[in-house]
>>> print(open('structure-v7.cif').read())   # mmCIF, N, CA and C atoms
data_coords
loop_
_atom_site.group_PDB
_atom_site.id
_atom_site.type_symbol
_atom_site.label_atom_id
_atom_site.label_comp_id
_atom_site.auth_asym_id
_atom_site.auth_seq_id
_atom_site.Cartn_x
_atom_site.Cartn_y
_atom_site.Cartn_z
ATOM 1 N N MET A 449 -3.012 41.377 -21.238
ATOM 2 C CA MET A 449 -3.830 41.129 -22.413
ATOM 3 C C MET A 449 -5.131 40.468 -21.985
ATOM 4 N N GLU A 450 -6.253 40.953 -22.518
ATOM 5 C CA GLU A 450 -7.528 40.374 -22.138
ATOM 6 C C GLU A 450 -7.780 39.063 -22.876
ATOM 7 N N GLU A 451 -8.523 38.186 -22.239
ATOM 8 C CA GLU A 451 -8.804 36.877 -22.805
ATOM 9 C C GLU A 451 -9.968 36.981 -23.780
ATOM 10 N N LEU A 452 -9.842 36.336 -24.945
ATOM 11 C CA LEU A 452 -10.893 36.349 -25.951
ATOM 12 C C LEU A 452 -11.994 35.377 -25.558
ATOM 13 N N GLU A 453 -13.247 35.753 -25.805
ATOM 14 C CA GLU A 453 -14.368 34.909 -25.439
ATOM 15 C C GLU A 453 -15.255 34.569 -26.626
ATOM 16 N N GLY A 454 -14.873 34.901 -27.826
ATOM 17 C CA GLY A 454 -15.683 34.651 -29.008
ATOM 18 C C GLY A 454 -15.308 33.353 -29.675
ATOM 19 N N PHE A 455 -15.441 33.331 -30.987
ATOM 20 C CA PHE A 455 -15.094 32.153 -31.770
ATOM 21 C C PHE A 455 -14.752 32.583 -33.187
ATOM 22 N N ILE A 456 -14.133 31.687 -33.926
ATOM 23 C CA ILE A 456 -13.740 31.956 -35.302
ATOM 24 C C ILE A 456 -14.666 31.203 -36.236
ATOM 25 N N VAL A 457 -15.140 31.893 -37.278
ATOM 26 C CA VAL A 457 -16.007 31.278 -38.267
ATOM 27 C C VAL A 457 -15.374 31.414 -39.648
ATOM 28 N N ALA A 458 -15.737 30.504 -40.535
ATOM 29 C CA ALA A 458 -15.271 30.545 -41.922
ATOM 30 C C ALA A 458 -16.431 31.012 -42.790
ATOM 31 N N ILE A 459 -16.234 32.152 -43.448
ATOM 32 C CA ILE A 459 -17.262 32.724 -44.321
ATOM 33 C C ILE A 459 -16.611 33.047 -45.660
ATOM 34 N N GLY A 460 -17.002 32.375 -46.696
ATOM 35 C CA GLY A 460 -16.493 32.688 -48.024
ATOM 36 C C GLY A 460 -15.135 32.090 -48.342
ATOM 37 N N CYS A 461 -14.837 30.921 -47.802
ATOM 38 C CA CYS A 461 -13.569 30.249 -48.100
ATOM 39 C C CYS A 461 -13.443 30.013 -49.604
ATOM 40 N N ARG A 462 -12.266 30.292 -50.137
ATOM 41 C CA ARG A 462 -12.008 30.110 -51.570
ATOM 42 C C ARG A 462 -11.087 28.925 -51.846
ATOM 43 N N LYS A 463 -10.903 28.076 -50.868
ATOM 44 C CA LYS A 463 -10.129 26.837 -51.002
ATOM 45 C C LYS A 463 -8.668 27.076 -51.381
ATOM 46 N N CYS A 464 -8.070 28.166 -50.953
ATOM 47 C CA CYS A 464 -6.694 28.478 -51.348
ATOM 48 C C CYS A 464 -5.672 27.594 -50.639
ATOM 49 N N GLY A 465 -6.004 27.114 -49.436
ATOM 50 C CA GLY A 465 -5.106 26.234 -48.701
ATOM 51 C C GLY A 465 -4.048 26.926 -47.872
ATOM 52 N N LYS A 466 -4.055 28.254 -47.803
ATOM 53 C CA LYS A 466 -3.036 28.979 -47.033
ATOM 54 C C LYS A 466 -3.075 28.627 -45.550
ATOM 55 N N CYS A 467 -4.244 28.291 -45.027
ATOM 56 C CA CYS A 467 -4.386 27.980 -43.607
ATOM 57 C C CYS A 467 -4.059 26.515 -43.290
ATOM 58 N N GLU A 468 -3.805 25.738 -44.307
ATOM 59 C CA GLU A 468 -3.478 24.321 -44.126
ATOM 60 C C GLU A 468 -2.296 24.172 -43.170
ATOM 61 N N ASN A 469 -2.457 23.394 -42.137
ATOM 62 C CA ASN A 469 -1.413 23.095 -41.154
ATOM 63 C C ASN A 469 -0.953 24.292 -40.316
ATOM 64 N N ILE A 470 -1.673 25.412 -40.323
ATOM 65 C CA ILE A 470 -1.267 26.574 -39.532
ATOM 66 C C ILE A 470 -1.766 26.487 -38.092
ATOM 67 N N CYS A 471 -2.838 25.742 -37.864
ATOM 68 C CA CYS A 471 -3.458 25.691 -36.531
ATOM 69 C C CYS A 471 -2.701 24.752 -35.597
ATOM 70 N N PRO A 472 -2.166 25.284 -34.495
ATOM 71 C CA PRO A 472 -1.402 24.449 -33.567
ATOM 72 C C PRO A 472 -2.265 23.463 -32.778
ATOM 73 N N SER A 473 -3.570 23.726 -32.695
ATOM 74 C CA SER A 473 -4.440 22.820 -31.948
ATOM 75 C C SER A 473 -5.250 21.888 -32.849
ATOM 76 N N GLY A 474 -5.030 21.970 -34.160
ATOM 77 C CA GLY A 474 -5.717 21.079 -35.095
ATOM 78 C C GLY A 474 -7.204 21.355 -35.227
ATOM 79 N N ALA A 475 -7.609 22.596 -35.037
ATOM 80 C CA ALA A 475 -9.028 22.945 -35.082
ATOM 81 C C ALA A 475 -9.570 23.141 -36.497
ATOM 82 N N LEU A 476 -8.706 23.309 -37.477
ATOM 83 C CA LEU A 476 -9.173 23.505 -38.848
ATOM 84 C C LEU A 476 -9.278 22.168 -39.574
ATOM 85 N N TYR A 477 -10.361 22.017 -40.322
ATOM 86 C CA TYR A 477 -10.537 20.829 -41.144
ATOM 87 C C TYR A 477 -11.282 21.253 -42.408
ATOM 88 N N ARG A 478 -11.252 20.401 -43.413
ATOM 89 C CA ARG A 478 -11.870 20.749 -44.693
ATOM 90 C C ARG A 478 -12.988 19.768 -45.054
ATOM 91 N N ILE A 479 -14.020 20.322 -45.669
ATOM 92 C CA ILE A 479 -15.089 19.530 -46.261
ATOM 93 C C ILE A 479 -15.240 20.026 -47.693
ATOM 94 N N ASN A 480 -15.011 19.141 -48.656
ATOM 95 C CA ASN A 480 -15.042 19.499 -50.078
ATOM 96 C C ASN A 480 -14.122 20.685 -50.390
ATOM 97 N N GLY A 481 -13.016 20.777 -49.688
ATOM 98 C CA GLY A 481 -12.040 21.832 -49.920
ATOM 99 C C GLY A 481 -12.257 23.102 -49.119
ATOM 100 N N PHE A 482 -13.450 23.273 -48.545
ATOM 101 C CA PHE A 482 -13.758 24.467 -47.761
ATOM 102 C C PHE A 482 -13.327 24.269 -46.312
ATOM 103 N N VAL A 483 -12.695 25.288 -45.741
ATOM 104 C CA VAL A 483 -12.222 25.190 -44.357
ATOM 105 C C VAL A 483 -13.385 25.334 -43.374
ATOM 106 N N ASN A 484 -13.285 24.601 -42.278
ATOM 107 C CA ASN A 484 -14.238 24.663 -41.175
ATOM 108 C C ASN A 484 -13.445 24.719 -39.875
ATOM 109 N N VAL A 485 -14.080 25.148 -38.806
ATOM 110 C CA VAL A 485 -13.410 25.284 -37.512
ATOM 111 C C VAL A 485 -14.109 24.392 -36.484
ATOM 112 N N ASP A 486 -13.319 23.560 -35.809
ATOM 113 C CA ASP A 486 -13.815 22.764 -34.693
ATOM 114 C C ASP A 486 -13.664 23.636 -33.446
ATOM 115 N N HIS A 487 -14.767 24.204 -32.980
ATOM 116 C CA HIS A 487 -14.715 25.167 -31.876
ATOM 117 C C HIS A 487 -14.278 24.540 -30.558
ATOM 118 N N LYS A 488 -14.415 23.245 -30.427
ATOM 119 C CA LYS A 488 -13.970 22.569 -29.211
ATOM 120 C C LYS A 488 -12.449 22.506 -29.130
ATOM 121 N N LYS A 489 -11.781 22.499 -30.286
ATOM 122 C CA LYS A 489 -10.315 22.433 -30.329
ATOM 123 C C LYS A 489 -9.664 23.816 -30.421
ATOM 124 N N CYS A 490 -10.375 24.784 -30.935
ATOM 125 C CA CYS A 490 -9.818 26.119 -31.192
ATOM 126 C C CYS A 490 -9.464 26.830 -29.883
ATOM 127 N N ASN A 491 -8.222 27.344 -29.804
ATOM 128 C CA ASN A 491 -7.791 28.100 -28.621
ATOM 129 C C ASN A 491 -7.687 29.604 -28.908
ATOM 130 N N LEU A 492 -8.240 30.036 -30.029
ATOM 131 C CA LEU A 492 -8.281 31.443 -30.435
ATOM 132 C C LEU A 492 -6.903 32.084 -30.557
ATOM 133 N N CYS A 493 -5.942 31.349 -31.082
ATOM 134 C CA CYS A 493 -4.598 31.909 -31.282
ATOM 135 C C CYS A 493 -4.574 32.926 -32.426
ATOM 136 N N MET A 494 -5.582 32.873 -33.296
ATOM 137 C CA MET A 494 -5.774 33.815 -34.407
ATOM 138 C C MET A 494 -4.797 33.630 -35.571
ATOM 139 N N LYS A 495 -3.983 32.581 -35.565
ATOM 140 C CA LYS A 495 -3.037 32.371 -36.665
ATOM 141 C C LYS A 495 -3.755 32.210 -37.996
ATOM 142 N N CYS A 496 -4.876 31.501 -38.005
ATOM 143 C CA CYS A 496 -5.620 31.288 -39.243
ATOM 144 C C CYS A 496 -6.235 32.594 -39.753
ATOM 145 N N VAL A 497 -6.731 33.414 -38.843
ATOM 146 C CA VAL A 497 -7.328 34.699 -39.207
ATOM 147 C C VAL A 497 -6.271 35.594 -39.853
ATOM 148 N N LYS A 498 -5.079 35.597 -39.289
ATOM 149 C CA LYS A 498 -4.002 36.452 -39.792
ATOM 150 C C LYS A 498 -3.474 35.998 -41.143
ATOM 151 N N ILE A 499 -3.470 34.674 -41.411
ATOM 152 C CA ILE A 499 -2.865 34.181 -42.649
ATOM 153 C C ILE A 499 -3.836 34.131 -43.831
ATOM 154 N N CYS A 500 -5.139 34.184 -43.574
ATOM 155 C CA CYS A 500 -6.122 34.052 -44.656
ATOM 156 C C CYS A 500 -6.103 35.276 -45.573
ATOM 157 N N PRO A 501 -5.716 35.090 -46.857
ATOM 158 C CA PRO A 501 -5.646 36.230 -47.770
ATOM 159 C C PRO A 501 -7.022 36.724 -48.212
ATOM 160 N N ASN A 502 -8.047 35.913 -48.015
ATOM 161 C CA ASN A 502 -9.400 36.269 -48.461
ATOM 162 C C ASN A 502 -10.287 36.778 -47.341
ATOM 163 N N LYS A 503 -9.714 36.883 -46.135
ATOM 164 C CA LYS A 503 -10.476 37.322 -44.951
ATOM 165 C C LYS A 503 -11.701 36.442 -44.721
ATOM 166 N N ALA A 504 -11.568 35.139 -45.037
ATOM 167 C CA ALA A 504 -12.671 34.191 -44.875
ATOM 168 C C ALA A 504 -12.771 33.665 -43.448
ATOM 169 N N LEU A 505 -11.683 33.710 -42.713
ATOM 170 C CA LEU A 505 -11.700 33.289 -41.308
ATOM 171 C C LEU A 505 -11.817 34.553 -40.467
ATOM 172 N N VAL A 506 -12.892 34.610 -39.688
ATOM 173 C CA VAL A 506 -13.252 35.846 -38.984
ATOM 174 C C VAL A 506 -13.496 35.557 -37.514
ATOM 175 N N TYR A 507 -12.984 36.427 -36.640
ATOM 176 C CA TYR A 507 -13.247 36.321 -35.200
ATOM 177 C C TYR A 507 -14.572 37.016 -34.910
ATOM 178 N N MET A 508 -15.468 36.297 -34.242
ATOM 179 C CA MET A 508 -16.784 36.843 -33.877
ATOM 180 C C MET A 508 -16.885 36.878 -32.356
ATOM 181 N N GLU A 509 -17.386 37.971 -31.828
ATOM 182 C CA GLU A 509 -17.584 38.075 -30.370
ATOM 183 C C GLU A 509 -18.953 37.585 -30.001
#
>>> encode(input="structure-v7.cif", output="structure tokens")
Amino acid sequence: MEELEGFIVAIGCRKCGKCENICPSGALYRINGFVNVDHKKCNLCMKCVKICPNKALVYME
């Protein structure tokens, strides 16, 4: 499997909370209910991208 070199961004978060506590490295945090990604902590496991029902968490190369 090839190693990912991009990052995950939050675009259009609807504050649903589905991604709450899903990140094993603690990279997700909220500001006024909207999810944000701490890129220094993110290991690109993609769990948040897969669970987001609104496709607000997106992998960017």
>>> resolve_selection(input="structure-v7.cif", expression="the PyMOL selection byres ((chain A and resi 482-487) around 6.5)", output="ChimeraX atom specification")
/A:456-458,461-463,475-481,488-490
>>> residues_around(input="structure-v7.cif", residues="Phe455 in chain A", least_positions_apart="2", cutoff="6.5 Å", atoms="only N, CA and C atoms", output="NGL selection string")
:A and (453 or 457 or 506-509)
>>> atom_distance(input="structure-v7.cif", atom1="CA of Leu505 in chain A", atom2="atom N of Ile459 in chain A")
5.1 Å
>>> atom_distance(input="structure-v7.cif", atom1="atom C of Ile499 in chain A", atom2="atom C of Gly465 in chain A")
8.3 Å
>>> select_by_dssp(input="structure-v7.cif", residues="chain A", states="helix (DSSP H, G or I)", output="count of residues only")
5
>>> atom_distance(input="structure-v7.cif", atom1="atom N of Leu492 in chain A", atom2="atom N of Cys464 in chain A")
21.0 Å
>>> select_by_dssp(input="structure-v7.cif", residues="chain A", states="strand (DSSP E or B)", output="ChimeraX atom specification")
/A:455-458,476-479,482-485,505-508
>>> resolve_selection(input="structure-v7.cif", expression="the PyMOL selection byres ((chain A and resi 472) around 8)", output="list of chain:residue names")
A:Asn469, A:Ile470, A:Cys471, A:Ser473, A:Gly474, A:Ala475, A:Leu476, A:Lys489, A:Asn491, A:Cys493, A:Lys495, A:Cys496
